Structures are given as C-alpha cells and as structure tokens.
Amino acid sequence: AALEICGLLNHAPTFGCVMAERAFLQAMGGGCLSPVAALATLPTSGRLRLEAVSFQTGAARRAAEEGDAANPRELGRRVAALLG
C-alpha cells in the first residue's frame, strides 16, 4: 500500500531531471566534494536538457545537450563524456 501511495506522489518530469543529473555525476565520479555541477530542465520543446560544468582540470568546462525525456540516464552519461 505504501508503494502505491508513494507512486502517486512521484512527479515524472522531476524524476527524469534528477535521473539525468545523477547519471552525469556518477559518470564524472562526482560527489559532494567534486568540482562538477549539473542542471536538468524540461524546456517547452518537451525534450530533456542537461547543462553541466566541470572544474576538474582547474578551468571551467561547460557542456549542454538535449535528449529523449524517456532516457535521462543516457543523456547524463553523454554530457559527462563531453566533459570527461
């Protein structure tokens, strides 16, 4: 019963954004003390957009991509590959 109630509370667009951000951080080896950041949004196009920055080499490097909202983890890994 608890799983059913929690399932009703889940907001699918927010969940997709969080999954893209987490996939990016995992692929970058990031954590709370890593110099990387990511922000996923759902612009009016309906596609998931992930913007990220890495300071791992000292200088800021930025990347942004759009991808299928149904596959947020792939988008996160793809943006990490651009910065890795």
# chains A, B, ... in the order shown; residues from 1 in each chain; ligands from 1
call {"tool": "closest_atom_pairs", "arguments": {"of": "stretch 3-34 of chain A", "to": "stretch 60-76 of chain A", "cutoff": "8 Å", "atoms": "only C-alpha atoms", "output": "tab-separated table"}}
result
residue	atom	partner	partner_atom	distance
A:Gly16	CA	A:Pro72	CA	5.7
A:Cys17	CA	A:Pro72	CA	7.0
A:Met19	CA	A:Pro72	CA	5.9
A:Ala20	CA	A:Pro72	CA	4.5
A:Glu21	CA	A:Gly76	CA	6.0
A:Arg22	CA	A:Gly76	CA	7.3
A:Ala23	CA	A:Gly76	CA	4.9
A:Phe24	CA	A:Gly76	CA	4.1
A:Leu25	CA	A:Gly76	CA	7.9
A:Ala27	CA	A:Gly76	CA	7.8
call {"tool": "write_last_selection", "arguments": {"atoms": "C-alpha atoms", "output": "PDB file, in the first residue's frame"}}
result
ATOM      1  CA  GLY A  16      13.623  12.384 -15.145  1.00  0.00           C
ATOM      2  CA  CYS A  17      15.607  15.544 -14.421  1.00  0.00           C
ATOM      3  CA  MET A  19      17.994  10.825 -13.011  1.00  0.00           C
ATOM      4  CA  ALA A  20      19.876  12.748 -15.742  1.00  0.00           C
ATOM      5  CA  GLU A  21      21.762  14.804 -13.146  1.00  0.00           C
ATOM      6  CA  ARG A  22      22.651  11.731 -11.082  1.00  0.00           C
ATOM      7  CA  ALA A  23      23.848   9.811 -14.143  1.00  0.00           C
ATOM      8  CA  PHE A  24      26.090  12.752 -15.052  1.00  0.00           C
ATOM      9  CA  LEU A  25      27.555  12.950 -11.550  1.00  0.00           C
ATOM     10  CA  ALA A  27      29.856   9.166 -14.794  1.00  0.00           C
TER      11      ALA A  27
END
call {"tool": "select_by_dssp", "arguments": {"residues": "chain A", "states": "strand (DSSP E or B)", "output": "list in words"}}
result
Val36, Ala37, Ala38, Leu39, Ala40, Thr41, Leu48, Arg49, Leu50, Glu51, Ala52, Val53, Ser54, Arg61, Arg62, Ala63, Ala64, Glu65, Glu66 and Gly67 of chain A
call {"tool": "write_last_selection", "arguments": {"atoms": "N, CA and C atoms", "output": "CSV table (one decimal), in the first residue's frame"}}
result
chain,number,residue,atom,x,y,z
A,36,VAL,N,32.1,19.5,-9.9
A,36,VAL,CA,31.2,19.4,-11.1
A,36,VAL,C,29.8,19.7,-10.7
A,37,ALA,N,29.0,20.2,-11.6
A,37,ALA,CA,27.6,20.5,-11.4
A,37,ALA,C,26.8,20.2,-12.6
A,38,ALA,N,25.5,19.9,-12.4
A,38,ALA,CA,24.6,19.7,-13.5
A,38,ALA,C,23.2,20.2,-13.2
A,39,LEU,N,22.5,20.6,-14.2
A,39,LEU,CA,21.1,21.1,-14.0
A,39,LEU,C,20.3,20.6,-15.2
A,40,ALA,N,19.3,19.8,-14.9
A,40,ALA,CA,18.4,19.3,-16.0
A,40,ALA,C,17.1,20.0,-15.9
A,41,THR,N,16.6,20.3,-17.1
A,41,THR,CA,15.3,21.0,-17.2
A,41,THR,C,14.5,20.4,-18.4
A,48,LEU,N,14.4,16.7,-22.8
A,48,LEU,CA,15.1,16.9,-21.6
A,48,LEU,C,16.4,17.6,-21.9
A,49,ARG,N,16.8,18.7,-21.2
A,49,ARG,CA,18.0,19.5,-21.4
A,49,ARG,C,18.9,19.4,-20.2
A,50,LEU,N,20.1,19.0,-20.4
A,50,LEU,CA,21.1,18.9,-19.3
A,50,LEU,C,22.3,19.9,-19.6
A,51,GLU,N,22.5,20.8,-18.6
A,51,GLU,CA,23.6,21.7,-18.7
A,51,GLU,C,24.6,21.3,-17.6
A,52,ALA,N,25.9,21.3,-17.8
A,52,ALA,CA,26.8,20.9,-16.8
A,52,ALA,C,28.1,21.7,-16.9
A,53,VAL,N,28.8,21.7,-15.8
A,53,VAL,CA,30.1,22.4,-15.8
A,53,VAL,C,31.0,21.5,-14.9
A,54,SER,N,32.3,21.5,-15.3
A,54,SER,CA,33.3,20.8,-14.6
A,54,SER,C,34.5,21.7,-14.4
A,61,ARG,N,34.9,24.1,-17.7
A,61,ARG,CA,34.5,23.5,-19.0
A,61,ARG,C,33.0,23.2,-18.9
A,62,ARG,N,32.2,23.7,-19.9
A,62,ARG,CA,30.8,23.6,-19.9
A,62,ARG,C,30.3,22.7,-21.1
A,63,ALA,N,29.2,22.1,-20.9
A,63,ALA,CA,28.5,21.3,-22.0
A,63,ALA,C,27.0,21.3,-21.7
A,64,ALA,N,26.3,21.2,-22.8
A,64,ALA,CA,24.8,21.2,-22.7
A,64,ALA,C,24.3,20.3,-23.9
A,65,GLU,N,23.4,19.5,-23.6
A,65,GLU,CA,22.8,18.7,-24.7
A,65,GLU,C,21.3,18.5,-24.4
A,66,GLU,N,20.5,18.2,-25.4
A,66,GLU,CA,19.1,17.8,-25.2
A,66,GLU,C,19.0,16.3,-25.6
A,67,GLY,N,18.0,15.6,-25.0
A,67,GLY,CA,17.8,14.2,-25.3
A,67,GLY,C,16.4,13.8,-25.0
call {"tool": "atom_distance", "arguments": {"atom1": "atom CA of A:Gly29", "atom2": "atom CA of A:Gly84"}}
result
9.8 Å
call {"tool": "atom_distance", "arguments": {"atom1": "atom CA of A:Pro35", "atom2": "atom CA of A:Phe15"}}
result
23.4 Å
call {"tool": "closest_residue", "arguments": {"among": "A:Ala2, A:Cys32, A:Leu82, A:Leu42", "to": "A:Thr14", "atoms": "only C-alpha atoms"}}
result
A:Leu42
call {"tool": "select_by_dssp", "arguments": {"residues": "stretch 8-54 of chain A", "states": "helix (DSSP H, G or I)", "output": "tab-separated table (two decimals) with all heavy atoms, in the first residue's frame"}}
result
chain	number	residue	atom	x	y	z
A	8	LEU	N	2.00	7.55	-6.43
A	8	LEU	CA	1.12	8.66	-6.78
A	8	LEU	C	1.77	10.01	-6.50
A	8	LEU	O	1.42	11.02	-7.11
A	8	LEU	CB	-0.20	8.56	-6.00
A	8	LEU	CG	-1.06	7.34	-6.33
A	8	LEU	CD1	-2.23	7.24	-5.36
A	8	LEU	CD2	-1.56	7.41	-7.76
A	9	LEU	N	2.72	10.04	-5.59
A	9	LEU	CA	3.40	11.28	-5.24
A	9	LEU	C	4.54	11.62	-6.19
A	9	LEU	O	5.00	12.76	-6.22
A	9	LEU	CB	3.96	11.19	-3.81
A	9	LEU	CG	2.93	11.03	-2.70
A	9	LEU	CD1	3.63	10.83	-1.36
A	9	LEU	CD2	2.00	12.23	-2.65
A	12	ALA	N	6.80	12.69	-12.52
A	12	ALA	CA	7.63	12.09	-13.58
A	12	ALA	C	8.63	13.07	-14.20
A	12	ALA	O	9.80	12.72	-14.39
A	12	ALA	CB	6.76	11.44	-14.64
A	13	PRO	N	8.25	14.30	-14.55
A	13	PRO	CA	9.24	15.21	-15.13
A	13	PRO	C	10.41	15.51	-14.18
A	13	PRO	O	11.57	15.53	-14.60
A	13	PRO	CB	8.44	16.48	-15.44
A	13	PRO	CG	7.04	16.00	-15.61
A	13	PRO	CD	6.89	14.88	-14.61
A	14	THR	N	10.11	15.73	-12.91
A	14	THR	CA	11.17	15.98	-11.94
A	14	THR	C	12.05	14.75	-11.76
A	14	THR	O	13.27	14.85	-11.69
A	14	THR	CB	10.57	16.39	-10.58
A	14	THR	OG1	9.80	17.58	-10.78
A	14	THR	CG2	11.65	16.66	-9.55
A	15	PHE	N	11.44	13.58	-11.72
A	15	PHE	CA	12.19	12.34	-11.59
A	15	PHE	C	13.17	12.18	-12.76
A	15	PHE	O	14.33	11.81	-12.57
A	15	PHE	CB	11.23	11.15	-11.53
A	15	PHE	CG	11.91	9.83	-11.32
A	15	PHE	CD1	12.38	9.48	-10.06
A	15	PHE	CD2	12.10	8.95	-12.37
A	15	PHE	CE1	13.00	8.26	-9.86
A	15	PHE	CE2	12.72	7.74	-12.17
A	15	PHE	CZ	13.18	7.38	-10.91
A	16	GLY	N	12.74	12.48	-13.98
A	16	GLY	CA	13.62	12.38	-15.15
A	16	GLY	C	14.79	13.34	-15.04
A	16	GLY	O	15.93	12.98	-15.36
A	17	CYS	N	14.53	14.56	-14.59
A	17	CYS	CA	15.61	15.54	-14.42
A	17	CYS	C	16.63	15.06	-13.40
A	17	CYS	O	17.84	15.12	-13.63
A	17	CYS	CB	15.03	16.90	-13.99
A	17	CYS	SG	14.13	17.77	-15.27
A	18	VAL	N	16.15	14.55	-12.29
A	18	VAL	CA	17.05	14.07	-11.24
A	18	VAL	C	17.87	12.88	-11.73
A	18	VAL	O	19.07	12.78	-11.45
A	18	VAL	CB	16.24	13.71	-9.97
A	18	VAL	CG1	17.10	12.97	-8.96
A	18	VAL	CG2	15.66	14.96	-9.35
A	19	MET	N	17.27	11.99	-12.49
A	19	MET	CA	17.99	10.82	-13.01
A	19	MET	C	19.10	11.25	-13.98
A	19	MET	O	20.20	10.68	-13.97
A	19	MET	CB	17.04	9.85	-13.69
A	19	MET	CG	16.13	9.10	-12.75
A	19	MET	SD	17.03	8.00	-11.62
A	19	MET	CE	17.11	8.99	-10.14
A	20	ALA	N	18.85	12.25	-14.82
A	20	ALA	CA	19.88	12.75	-15.74
A	20	ALA	C	21.04	13.36	-14.96
A	20	ALA	O	22.21	13.11	-15.26
A	20	ALA	CB	19.28	13.76	-16.71
A	21	GLU	N	20.72	14.17	-13.96
A	21	GLU	CA	21.76	14.80	-13.15
A	21	GLU	C	22.59	13.77	-12.40
A	21	GLU	O	23.82	13.84	-12.37
A	21	GLU	CB	21.12	15.78	-12.15
A	21	GLU	CG	20.48	16.97	-12.80
A	21	GLU	CD	19.56	17.76	-11.88
A	21	GLU	OE1	19.37	17.35	-10.71
A	21	GLU	OE2	19.04	18.79	-12.33
A	22	ARG	N	21.93	12.78	-11.83
A	22	ARG	CA	22.65	11.73	-11.08
A	22	ARG	C	23.53	10.89	-12.00
A	22	ARG	O	24.64	10.51	-11.63
A	22	ARG	CB	21.66	10.84	-10.35
A	22	ARG	CG	21.05	11.51	-9.15
A	22	ARG	CD	20.14	10.57	-8.41
A	22	ARG	NE	19.58	11.21	-7.23
A	22	ARG	CZ	18.72	10.63	-6.44
A	22	ARG	NH1	18.28	9.40	-6.69
A	22	ARG	NH2	18.25	11.27	-5.39
A	23	ALA	N	23.04	10.58	-13.19
A	23	ALA	CA	23.85	9.81	-14.14
A	23	ALA	C	25.10	10.59	-14.54
A	23	ALA	O	26.18	10.03	-14.67
A	23	ALA	CB	23.02	9.45	-15.37
A	24	PHE	N	24.94	11.91	-14.74
A	24	PHE	CA	26.09	12.75	-15.05
A	24	PHE	C	27.11	12.71	-13.91
A	24	PHE	O	28.30	12.49	-14.13
A	24	PHE	CB	25.65	14.20	-15.31
A	24	PHE	CG	26.78	15.17	-15.33
A	24	PHE	CD1	27.58	15.29	-16.46
A	24	PHE	CD2	27.09	15.94	-14.22
A	24	PHE	CE1	28.66	16.17	-16.47
A	24	PHE	CE2	28.15	16.83	-14.23
A	24	PHE	CZ	28.93	16.94	-15.36
A	25	LEU	N	26.64	12.93	-12.70
A	25	LEU	CA	27.56	12.95	-11.55
A	25	LEU	C	28.25	11.61	-11.37
A	25	LEU	O	29.46	11.56	-11.10
A	25	LEU	CB	26.79	13.33	-10.28
A	25	LEU	CG	26.29	14.77	-10.22
A	25	LEU	CD1	25.41	14.98	-9.00
A	25	LEU	CD2	27.44	15.75	-10.23
A	26	GLN	N	27.52	10.53	-11.53
A	26	GLN	CA	28.13	9.21	-11.40
A	26	GLN	C	29.19	8.99	-12.48
A	26	GLN	O	30.29	8.50	-12.19
A	26	GLN	CB	27.06	8.12	-11.49
A	26	GLN	CG	27.63	6.73	-11.30
A	26	GLN	CD	26.56	5.66	-11.39
A	26	GLN	OE1	25.50	5.86	-11.98
A	26	GLN	NE2	26.83	4.52	-10.79
A	27	ALA	N	28.90	9.35	-13.70
A	27	ALA	CA	29.86	9.17	-14.79
A	27	ALA	C	31.10	10.04	-14.62
A	27	ALA	O	32.19	9.66	-15.06
A	27	ALA	CB	29.19	9.47	-16.14
call {"tool": "atom_distance", "arguments": {"atom1": "atom CA of A:Arg77", "atom2": "atom CA of A:Cys6"}}
result
27.6 Å
